[in-house]
Amino acid sequence: MRLLFLLVAVCTSIESYKILVYNSKYGHSHSNFLGNIADLLVDAGHDVTSLIPVIDESGKDGTEKSKKIYVPVAQETRDQITEIYSQRSDFFKLDNYNPVLTWRMRDSFARQFLYQCRAVLDDVDLLKRLQNESFDVMIVENFDMCGPAYSHLVKPKSLITSSASFPFSQMYAEFGIPISLSYNPSPYVSRLNVNSMWGRITNLYAEWLLNAFFHPCRWMIEELFYERFGPSFPSLEEISSHSAYTLLNSEPLIDYAVPTLSRVVNIGGIGARKPSPVNKEWDEILSRRSKTILLSFGSVAKSIYIPGDIKDSILKTIARFPDITFIWKYEQPEDEFAKEALRSLPNLHLSKWTPQNDILADDRLTAFITHGGMGSTQETATRGKPGIFIPLFGDQPRNAGMMQYNGFGVVLDKFDMINPDSFEGAIREVLNNESYRINARRISSMLAKKPFTSKELLIKTVEFAAEYGPSKALRPQSHDMTFIEYHNLDIVAVFAVFLILSLIATKKLCCFLISFCIGTKKVKSD
Ligand SMILES: *[C@@H]1O[C@H](CO)[C@@H](O)[C@H](O)[C@H]1NC(C)=O
């Protein structure tokens with residue numbers, strides 16, 4: 001009996017908070033980021049509920065430990081997903097800078113969120129239930145913007161906004177962070193020469209295009225909430241501006257140094273799992289040659305769909321390195337292409353699935369060829385391996401660029417992959433230049449010894465927000481300023497008017513003086 005009391009006393013002495021995580025299901029990296037946050041908060045003793053509006057049924061929940069409430073996929077959402085998949089372009093040939101593609105894809109991309117958001121709002125009982133829970137904290141990502149808007153109805157004590165990557169496009173305004181485009185590369189940009197005017201113009205263009213792409217994701221949701229709750233419903237920026245904290249999946253030690261705010265907390269690599277030693281099968285593969293390279297394009301852009309000419313170029317490149325084992329994550333190692341490739345290349349190993357994190361942690365792995373998804377770049381850095389980064393879409397160009405900038409290896413343009421000479425050159429550069437290996441080791445050891453781990457930062461930040469709510473001191477006043485005020489355009493205008501008036505006055509005065517002088521001369525000569 002005494003023991004029981006003691007147990008109860010111990011358990012209640014840790015403050016347990018009620019936390020809601022809005023984690024819609026549509027993309028692996030997003031679900032994984034928010035799901036890991038939910039699970040870590042459960043581990044820390046909190047009562048965590050994940051609200052999961054299902055957009056893409058083929059996705060994963062991301063969370064295993066929190067309580068889950070699903071909003072089943074609506075028929076119109078499902079139709080929209082089918083449409084998006086049918087027009088999904090070939091990632092290896094897609095030109096990110098093409099405005100026609102942006103305009104063609106942006107509305108259907110936004111509608112998946114809009115339709116499922118309607119389904120969330122249609123469930124009136126759900127909202128009542130969530131309001132009755134009186135959550136201490138609600139965590140949303142500013143990507144499916146239904147989450148931030150819905151938070152205004154759920155009314156948690158604290159709202160926490162987030163990004164499963166670095167912040168991008170409208171998020172800067174929503175989080176209140178200056179975007180600093182002259183030296184902060186836009187997600188589509190992997191090489192920004194800050195001293196080149198052309199480089200900065202390209203960066204501005206890329207960001208403009210990205211903003212255009214995500215614009216419907218904002219206005220469609222805002223329209224929906226105005227329709228349902230009247231025109232006085234706050235804007236998405238207004239709601240986000242009152243968040244207590246912003247969590248970013250960004251690791252400053254491998255990123256670019258850019259402006260931030262005190263309420264922005266970087267919890268990069270929050271999803272990183274502890275590596276375990278590889279099993280017997282992988283042990284044998286890693287022992288075949290003195291060097292091994294892992295090649296993976298992630299889960300979204302599947303290797304089986306790589307266009308034939310690029311696949312051939314990859315094989316030609318691998319054939320030029322007979323002393324190196326290549327492990328290629330290839331989804332159908334039994335298809336015709338795979339069989340033929342394996343027959344002709346003894347140094348190639350194809351695998352449907354690879355224990356990426358464990359292989360990266362193995363000393364025998366020499367380098368990693370990756371698309372540069374945020375998860376993969378963070379794993380590369382944590383495990384201290386050099387890489388060849390071949391960005392395909394989304395935030396990958398910037399991720400790849402920041403890895404090169406921080407000395408982890410080189411970026412290879414995906415359009416250069418078709419040329420085995422370029423591909424070979426990139427691999428040789430990373431193998432032969434020691435600086436990448438040394439640098440990767442050094443940063444990996446810095447990451448391991450950071451003063452505060454991402455997990456600690458996450459838990460302490462959420463608990464602090466749960467206890468005190470948002471702090472006025474942390475909210476920049478820029479949120480309450482108009483565009484004109486923020487950029488001091490009113491001052492510039494007044495100054496310009498003053499300058500013009502003085503110029504006119506000066507000119508008038510000069511004319512008067514000149515004509516006066518001439519006039520008096522005339523009188524004299526007369
Ligand atoms: C190795 O790479 C670094 C970083 O790109 C570069 O500064 C250095 O000159 C390279 N060294 C050689 C020998 O090519």
# chains A, B, ... in the order shown; residues from 1 in each chain; ligands from 1

$ residues_near_ligand --ligand "ligand 1" --cutoff "10 Å" --atoms "only C-alpha atoms and all ligand atoms" --output "list in words"
Gln404, Tyr405, Asn406, Gly407, Phe408, Gly409, Val410, Glu429, Val430, Asn432, Asn433, Glu434, Ser435, Tyr436 and Asn439 of chain A

$ write_last_selection --atoms "all heavy atoms" --output "compact mmCIF listing (two decimals), in the first residue's frame"
# COMPACT_ATOMS: atom_id res chain seq x y z
N GLN A 404 27.40 20.92 -49.44
CA GLN A 404 28.64 21.27 -50.15
C GLN A 404 29.30 22.48 -49.49
O GLN A 404 30.51 22.49 -49.25
CB GLN A 404 28.34 21.57 -51.63
CG GLN A 404 29.58 22.06 -52.38
CD GLN A 404 29.40 22.09 -53.88
OE1 GLN A 404 28.85 21.16 -54.47
NE2 GLN A 404 29.85 23.15 -54.50
N TYR A 405 28.50 23.47 -49.16
CA TYR A 405 29.00 24.69 -48.52
C TYR A 405 29.73 24.35 -47.21
O TYR A 405 30.73 24.95 -46.86
CB TYR A 405 27.81 25.62 -48.25
CG TYR A 405 28.13 26.89 -47.50
CD1 TYR A 405 28.73 27.96 -48.14
CD2 TYR A 405 27.80 27.01 -46.16
CE1 TYR A 405 29.01 29.13 -47.45
CE2 TYR A 405 28.07 28.18 -45.45
CZ TYR A 405 28.67 29.23 -46.11
OH TYR A 405 28.95 30.39 -45.42
N ASN A 406 29.22 23.35 -46.51
CA ASN A 406 29.82 22.97 -45.23
C ASN A 406 30.86 21.86 -45.37
O ASN A 406 31.27 21.25 -44.38
CB ASN A 406 28.74 22.60 -44.22
CG ASN A 406 27.99 23.83 -43.73
OD1 ASN A 406 28.59 24.74 -43.19
ND2 ASN A 406 26.69 23.88 -43.97
N GLY A 407 31.25 21.58 -46.62
CA GLY A 407 32.39 20.69 -46.85
C GLY A 407 32.13 19.20 -46.74
O GLY A 407 33.06 18.43 -46.49
N PHE A 408 30.87 18.78 -46.93
CA PHE A 408 30.57 17.35 -46.85
C PHE A 408 30.76 16.63 -48.19
O PHE A 408 30.62 15.42 -48.25
CB PHE A 408 29.13 17.13 -46.39
CG PHE A 408 28.95 17.24 -44.91
CD1 PHE A 408 28.65 18.45 -44.32
CD2 PHE A 408 29.10 16.13 -44.10
CE1 PHE A 408 28.49 18.56 -42.95
CE2 PHE A 408 28.94 16.22 -42.73
CZ PHE A 408 28.64 17.45 -42.15
N GLY A 409 30.97 17.38 -49.27
CA GLY A 409 31.09 16.73 -50.57
C GLY A 409 30.67 17.67 -51.67
O GLY A 409 30.80 18.89 -51.53
N VAL A 410 30.16 17.10 -52.75
CA VAL A 410 29.83 17.94 -53.90
C VAL A 410 28.38 17.74 -54.34
O VAL A 410 27.78 16.69 -54.11
CB VAL A 410 30.75 17.64 -55.11
CG1 VAL A 410 32.19 17.98 -54.77
CG2 VAL A 410 30.64 16.20 -55.54
N GLU A 429 36.19 13.02 -57.16
CA GLU A 429 36.50 14.21 -56.35
C GLU A 429 36.30 13.88 -54.86
O GLU A 429 37.15 14.19 -54.02
CB GLU A 429 35.61 15.37 -56.78
CG GLU A 429 35.52 16.56 -55.85
CD GLU A 429 36.79 17.40 -55.77
OE1 GLU A 429 37.66 17.23 -56.65
OE2 GLU A 429 36.93 18.21 -54.83
N VAL A 430 35.18 13.25 -54.56
CA VAL A 430 34.88 12.97 -53.15
C VAL A 430 35.79 11.86 -52.58
O VAL A 430 36.18 11.90 -51.42
CB VAL A 430 33.38 12.61 -52.98
CG1 VAL A 430 33.09 12.07 -51.61
CG2 VAL A 430 32.52 13.83 -53.27
N ASN A 432 38.96 11.17 -53.71
CA ASN A 432 40.37 11.53 -53.72
C ASN A 432 40.73 12.73 -52.86
O ASN A 432 41.87 12.88 -52.44
CB ASN A 432 40.85 11.78 -55.16
CG ASN A 432 40.71 10.53 -56.00
OD1 ASN A 432 40.64 9.43 -55.46
ND2 ASN A 432 40.65 10.70 -57.31
N ASN A 433 39.75 13.60 -52.63
CA ASN A 433 40.03 14.80 -51.84
C ASN A 433 39.70 14.50 -50.37
O ASN A 433 38.54 14.43 -49.98
CB ASN A 433 39.21 15.97 -52.38
CG ASN A 433 39.56 17.27 -51.71
OD1 ASN A 433 40.00 17.29 -50.57
ND2 ASN A 433 39.37 18.37 -52.44
N GLU A 434 40.74 14.37 -49.56
CA GLU A 434 40.60 14.00 -48.15
C GLU A 434 39.75 15.00 -47.35
O GLU A 434 39.19 14.65 -46.32
CB GLU A 434 41.99 13.95 -47.50
CG GLU A 434 42.71 12.63 -47.70
CD GLU A 434 42.08 11.52 -46.88
OE1 GLU A 434 42.33 11.47 -45.67
OE2 GLU A 434 41.34 10.71 -47.46
N SER A 435 39.70 16.25 -47.83
CA SER A 435 39.07 17.30 -47.02
C SER A 435 37.62 16.96 -46.66
O SER A 435 37.15 17.27 -45.57
CB SER A 435 39.14 18.64 -47.74
OG SER A 435 38.15 18.72 -48.74
N TYR A 436 36.90 16.30 -47.56
CA TYR A 436 35.49 16.00 -47.29
C TYR A 436 35.34 15.01 -46.13
O TYR A 436 34.48 15.16 -45.26
CB TYR A 436 34.81 15.44 -48.55
CG TYR A 436 34.91 16.38 -49.73
CD1 TYR A 436 35.61 16.03 -50.87
CD2 TYR A 436 34.32 17.63 -49.68
CE1 TYR A 436 35.71 16.89 -51.94
CE2 TYR A 436 34.42 18.51 -50.74
CZ TYR A 436 35.12 18.14 -51.88
OH TYR A 436 35.22 19.00 -52.93
N ASN A 439 36.41 16.71 -42.82
CA ASN A 439 35.40 17.68 -42.42
C ASN A 439 34.13 17.00 -41.90
O ASN A 439 33.55 17.42 -40.89
CB ASN A 439 35.08 18.55 -43.63
CG ASN A 439 34.59 19.89 -43.22
OD1 ASN A 439 34.98 20.40 -42.20
ND2 ASN A 439 33.69 20.43 -44.02

$ residues_around --residues "A:Glu83" --least-positions-apart "5" --cutoff "10 Å" --atoms "only C-alpha atoms" --output "ChimeraX atom specification"
/A:77-78,88,108-109,112

$ closest_residue --among "A:Lys507, A:Val300, A:Gly372, A:Val189" --to "A:Tyr85" --atoms "only C-alpha atoms"
A:Val300

$ residues_around --residues "A:Leu127" --least-positions-apart "4" --cutoff "8 Å" --atoms "only C-alpha atoms" --output "PyMOL selection string"
chain A and resi 121+123+131+153-154

$ closest_atom_pairs --of "stretch 112-209 of chain A" --to "stretch 231-252 of chain A" --cutoff "8 Å" --atoms "only C-alpha atoms" --output "tab-separated table"
residue	atom	partner	partner_atom	distance
A:Met145	CA	A:Leu236	CA	7.7
A:Pro148	CA	A:Ser240	CA	6.6
A:Ala149	CA	A:Leu236	CA	6.2
A:His152	CA	A:Ile239	CA	6.9
A:Ser158	CA	A:Ala244	CA	5.9
A:Leu159	CA	A:Ser243	CA	4.7
A:Ile160	CA	A:Tyr245	CA	5.1
A:Thr161	CA	A:Thr246	CA	4.7
A:Ser162	CA	A:Leu247	CA	4.5
A:Ser163	CA	A:Leu248	CA	5.1
A:Ala164	CA	A:Asn249	CA	5.1
A:Ser165	CA	A:Asn249	CA	4.8
A:Phe166	CA	A:Ser250	CA	5.3
A:Pro167	CA	A:Leu248	CA	7.2
A:Ala173	CA	A:Glu237	CA	6.9
A:Glu174	CA	A:Glu237	CA	4.6
A:Phe175	CA	A:Ser241	CA	6.0
A:Gly176	CA	A:Ser241	CA	6.8

$ write_last_selection --atoms "all heavy atoms" --output "compact mmCIF listing (two decimals), in the first residue's frame"
# COMPACT_ATOMS: atom_id res chain seq x y z
N MET A 145 -2.07 24.02 -44.13
CA MET A 145 -2.42 25.19 -43.33
C MET A 145 -3.76 25.03 -42.60
O MET A 145 -4.17 25.92 -41.85
CB MET A 145 -2.42 26.45 -44.19
CG MET A 145 -1.04 26.82 -44.70
SD MET A 145 0.22 26.95 -43.41
CE MET A 145 -0.31 28.42 -42.53
N PRO A 148 -2.88 25.17 -38.61
CA PRO A 148 -2.81 26.46 -37.93
C PRO A 148 -4.19 27.13 -37.81
O PRO A 148 -4.53 27.67 -36.76
CB PRO A 148 -1.88 27.29 -38.83
CG PRO A 148 -1.01 26.28 -39.50
CD PRO A 148 -1.86 25.05 -39.67
N ALA A 149 -5.00 27.08 -38.89
CA ALA A 149 -6.32 27.71 -38.84
C ALA A 149 -7.20 27.01 -37.80
O ALA A 149 -7.89 27.66 -37.00
CB ALA A 149 -6.97 27.66 -40.22
N HIS A 152 -7.07 27.86 -34.05
CA HIS A 152 -7.81 29.01 -33.53
C HIS A 152 -9.17 28.58 -32.98
O HIS A 152 -9.73 29.26 -32.11
CB HIS A 152 -7.99 30.05 -34.64
CG HIS A 152 -8.52 31.35 -34.14
ND1 HIS A 152 -7.77 32.21 -33.37
CD2 HIS A 152 -9.75 31.92 -34.26
CE1 HIS A 152 -8.51 33.26 -33.04
NE2 HIS A 152 -9.71 33.12 -33.57
N SER A 158 -1.23 27.22 -25.60
CA SER A 158 -0.13 27.66 -26.45
C SER A 158 -0.20 26.97 -27.80
O SER A 158 -0.43 25.77 -27.87
CB SER A 158 1.22 27.26 -25.84
OG SER A 158 1.65 28.19 -24.92
N LEU A 159 0.05 27.76 -28.85
CA LEU A 159 0.20 27.18 -30.18
C LEU A 159 1.69 27.10 -30.48
O LEU A 159 2.44 28.02 -30.17
CB LEU A 159 -0.49 28.07 -31.22
CG LEU A 159 -0.18 27.76 -32.69
CD1 LEU A 159 -0.76 26.41 -33.11
CD2 LEU A 159 -0.70 28.87 -33.61
N ILE A 160 2.12 25.97 -31.04
CA ILE A 160 3.51 25.87 -31.50
C ILE A 160 3.47 25.57 -32.99
O ILE A 160 2.87 24.59 -33.43
CB ILE A 160 4.28 24.77 -30.73
CG1 ILE A 160 4.46 25.20 -29.27
CG2 ILE A 160 5.63 24.50 -31.38
CD1 ILE A 160 5.31 24.28 -28.43
N THR A 161 4.08 26.47 -33.77
CA THR A 161 4.15 26.25 -35.22
C THR A 161 5.45 25.51 -35.53
O THR A 161 6.33 25.42 -34.68
CB THR A 161 4.14 27.60 -35.97
OG1 THR A 161 5.12 28.44 -35.37
CG2 THR A 161 2.79 28.27 -35.89
N SER A 162 5.55 24.98 -36.75
CA SER A 162 6.77 24.23 -37.06
C SER A 162 6.97 24.09 -38.56
O SER A 162 6.08 24.42 -39.35
CB SER A 162 6.72 22.84 -36.43
OG SER A 162 5.84 22.00 -37.14
N SER A 163 8.16 23.61 -38.92
CA SER A 163 8.44 23.21 -40.29
C SER A 163 9.28 21.95 -40.25
O SER A 163 10.25 21.87 -39.49
CB SER A 163 9.20 24.31 -41.04
OG SER A 163 9.69 23.79 -42.26
N ALA A 164 8.93 20.97 -41.07
CA ALA A 164 9.67 19.71 -41.11
C ALA A 164 10.97 19.88 -41.89
O ALA A 164 11.67 18.91 -42.19
CB ALA A 164 8.82 18.61 -41.74
N SER A 165 11.28 21.14 -42.25
CA SER A 165 12.50 21.45 -42.97
C SER A 165 12.99 22.78 -42.38
O SER A 165 12.60 23.13 -41.27
CB SER A 165 12.17 21.56 -44.45
OG SER A 165 13.33 21.82 -45.21
N PHE A 166 13.80 23.54 -43.15
CA PHE A 166 14.06 24.94 -42.78
C PHE A 166 12.79 25.70 -43.16
O PHE A 166 11.95 25.18 -43.89
CB PHE A 166 15.29 25.46 -43.53
CG PHE A 166 15.27 25.11 -44.99
CD1 PHE A 166 14.51 25.84 -45.87
CD2 PHE A 166 15.97 24.01 -45.47
CE1 PHE A 166 14.45 25.51 -47.21
CE2 PHE A 166 15.91 23.67 -46.82
CZ PHE A 166 15.14 24.41 -47.67
N PRO A 167 12.63 26.97 -42.69
CA PRO A 167 11.42 27.68 -43.11
C PRO A 167 11.49 28.03 -44.60
O PRO A 167 12.59 28.21 -45.13
CB PRO A 167 11.43 28.96 -42.27
CG PRO A 167 12.79 29.07 -41.69
CD PRO A 167 13.46 27.75 -41.78
N ALA A 173 7.00 34.97 -43.23
CA ALA A 173 6.07 35.99 -42.74
C ALA A 173 5.29 35.43 -41.54
O ALA A 173 5.08 36.13 -40.55
CB ALA A 173 5.12 36.40 -43.85
N GLU A 174 4.89 34.17 -41.63
CA GLU A 174 4.08 33.59 -40.56
C GLU A 174 4.86 33.44 -39.25
O GLU A 174 4.33 33.62 -38.17
CB GLU A 174 3.52 32.24 -41.02
CG GLU A 174 2.42 32.39 -42.06
CD GLU A 174 2.27 31.21 -43.01
OE1 GLU A 174 2.92 30.16 -42.77
OE2 GLU A 174 1.53 31.33 -44.00
N PHE A 175 6.15 33.11 -39.37
CA PHE A 175 6.98 32.96 -38.16
C PHE A 175 7.58 34.29 -37.72
O PHE A 175 8.10 34.41 -36.62
CB PHE A 175 8.13 31.96 -38.41
CG PHE A 175 7.69 30.57 -38.80
CD1 PHE A 175 8.55 29.71 -39.47
CD2 PHE A 175 6.42 30.10 -38.46
CE1 PHE A 175 8.15 28.42 -39.82
CE2 PHE A 175 6.01 28.81 -38.80
CZ PHE A 175 6.88 27.97 -39.49
N GLY A 176 7.55 35.28 -38.60
CA GLY A 176 8.12 36.59 -38.27
C GLY A 176 9.62 36.67 -38.46
O GLY A 176 10.30 37.51 -37.85

$ atom_distance --atom1 "atom CA of A:Gln356" --atom2 "atom CA of A:Ala400"
17.8 Å
